[in-house]
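Chemist: The structure follows.
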Amino acid sequence: ANRGVTNMSTYNFSTTGAAIRPSGQGPVLFNFIAADNAGNVSIIDGGQILVDEQAPTVGATAVGNGTAHAASNGWFAQDGGTILITTLVNDGNGSRPASASLVVGGNAPVNSSSGTVVAAGTNYSFAVPTSVQMAGSETPVAIAVSGTDVVGNAGASSAATDGSGNAVTLLIDGKAPLIMPVAFTTQADGTDTAGVRWFSQVGGTLNFSATITDS
């Protein structure tokens, strides 16, 4: 080489995220190695590229009180109010969760991109109207959830669980209880010619029974 003369060349490289990390997510380290015609070699640390090829996972889903009337046994009245559903999305060491999707019954998915970051991931909340239950029904309504991360990896929708493998459903009661015929158990004070029983106004207590079912 001539003194005072610097030989410089620029090299460009291209690759894909899938090529350098076929699966998973996290940092990929890389170096630059340069060699001249005399065989001298230099190596420099190039840093890292953050690659995310993995969809986030969904953790515990919980059903809470919204504006709908809630019974102590977990059932909600079909009264036009809403039920609060919260689901946890975790993206490990990836790009982080961006949104969650909720499917209730056979309805179209509802998306939420406004989450609350917690230690275990990001919580997303949905206000679900009790009208998702068919009128006159009390069949548990299925819930399915999924998550999407910042770079667009979307998980498949799966049945909601409480984090321990137990299914989470919406218990909305839109069916009135059934009342069986009322039976009087008190002896009548008299019976007319048509066989109708009559009771005295000054008599004792009238006792009757009825069977009510709400299956």
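Just so we're on the same page: first chain in the structure tokens is A, next is B, and so on; residues restart at 1 for each chain, and ligands are numbered from 1 in the order they show up.
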Can you list every residue in chain A that DSSP puts in strand (DSSP E or B), as number ranges by chain?
Modeler: A: 25-35, 41-52, 57-65, 70, 76-77, 82-90, 97-104, 110-112, 115-118, 121-129, 141-149, 154, 158-159, 161, 167, 169-170, 172-173, 178-179, 183-184, 190-191, 197-198, 208-209, 212-213
Chemist: Report as a PyMOL selection string all protein, DNA and RNA residues lying within 10 Å of Ala70 in chain A, evaluated on only C-alpha atoms, omitting residues in the same chain fewer than 5 positions from it.
Modeler: chain A and resi 64-65+75-78+83+171-172
Chemist: From the set A:Thr67, A:Ser112, A:Thr61, A:Ser200, which residue has the shortest atom-to-atom contact distance to Ala160 in chain A, counting only C-alpha atoms?
Modeler: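 Going through A:Thr67, A:Ser112, A:Thr61, A:Ser200 one by one, the smallest distance to Ala160 in chain A is for A:Thr61.
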Chemist: Rank nothing, just name the residue among A:Gly190, A:Gly81, A:Val89, A:Thr185 nearest to Asn207 in chain A, using only C-alpha atoms.
Modeler: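 The closest residue to Asn207 in chain A is A:Thr185.
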Chemist: Skip Gly147 in chain A itself and residues of its chain fewer than 4 positions away, then list as a PyMOL selection string all residues within 12 Å of it, counting only C-alpha atoms.
Modeler: chain A and resi 54-59+87-91+96-103+109-113+115+121-124+151-158+160
Chemist: Which is closest to Gly136 in chain A among A:Gly174, A:Asn31, A:Ala19, A:Thr161, if we use only C-alpha atoms?
Modeler: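 Nearest candidate to Gly136 in chain A out of A:Gly174, A:Asn31, A:Ala19, A:Thr161: A:Gly174.
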Chemist: Extract, using only C-alpha atoms, all DNA, RNA and protein residues at most 12 Å from Gly66 in chain A, discarding same-chain residues fewer than 4 positions from it, and format them as a PDB file with C-alpha atoms, in the first residue's frame.
Modeler:
```
ATOM      1  CA  ALA A  70     -74.106 -10.525  40.114  1.00  0.00           C
ATOM      2  CA  PHE A  76     -75.162 -12.816  36.349  1.00  0.00           C
ATOM      3  CA  ALA A  77     -78.630 -11.566  35.537  1.00  0.00           C
ATOM      4  CA  ASP A  79     -80.459  -7.350  32.796  1.00  0.00           C
ATOM      5  CA  GLY A  80     -78.816  -5.282  30.051  1.00  0.00           C
ATOM      6  CA  GLY A  81     -75.650  -4.638  32.066  1.00  0.00           C
ATOM      7  CA  THR A  82     -72.074  -5.637  31.342  1.00  0.00           C
ATOM      8  CA  ILE A  83     -69.647  -8.205  32.757  1.00  0.00           C
ATOM      9  CA  LEU A  84     -65.934  -7.438  33.156  1.00  0.00           C
ATOM     10  CA  ILE A  85     -63.511  -9.987  31.683  1.00  0.00           C
ATOM     11  CA  THR A  86     -59.760  -9.631  32.259  1.00  0.00           C
ATOM     12  CA  SER A 125     -60.042  -5.889  30.064  1.00  0.00           C
ATOM     13  CA  PHE A 126     -63.312  -6.239  28.167  1.00  0.00           C
ATOM     14  CA  ALA A 127     -66.837  -5.120  29.087  1.00  0.00           C
ATOM     15  CA  VAL A 128     -69.164  -7.825  27.753  1.00  0.00           C
ATOM     16  CA  PRO A 129     -72.926  -7.146  27.550  1.00  0.00           C
ATOM     17  CA  THR A 130     -75.213  -9.777  29.051  1.00  0.00           C
TER      18      THR A 130
END
```
Chemist: When distances are computed from only C-alpha atoms, which of A:Gly26, A:Pro177, A:Gly165, A:Gly106 shows the smallest separation from Glu138 in chain A?
Modeler: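 Nearest to Glu138 in chain A: A:Pro177.
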Chemist: As an exercise, work out the distance from CA of Gly74 in chain A to CA of Leu170 in chain A in Å and give it to one decimal place.
Modeler: 8.7 Å
Chemist: To one decimal in Å, tell me the separation between CA of Ile43 in chain A and CA of Gly24 in chain A.
Modeler: 27.4 Å
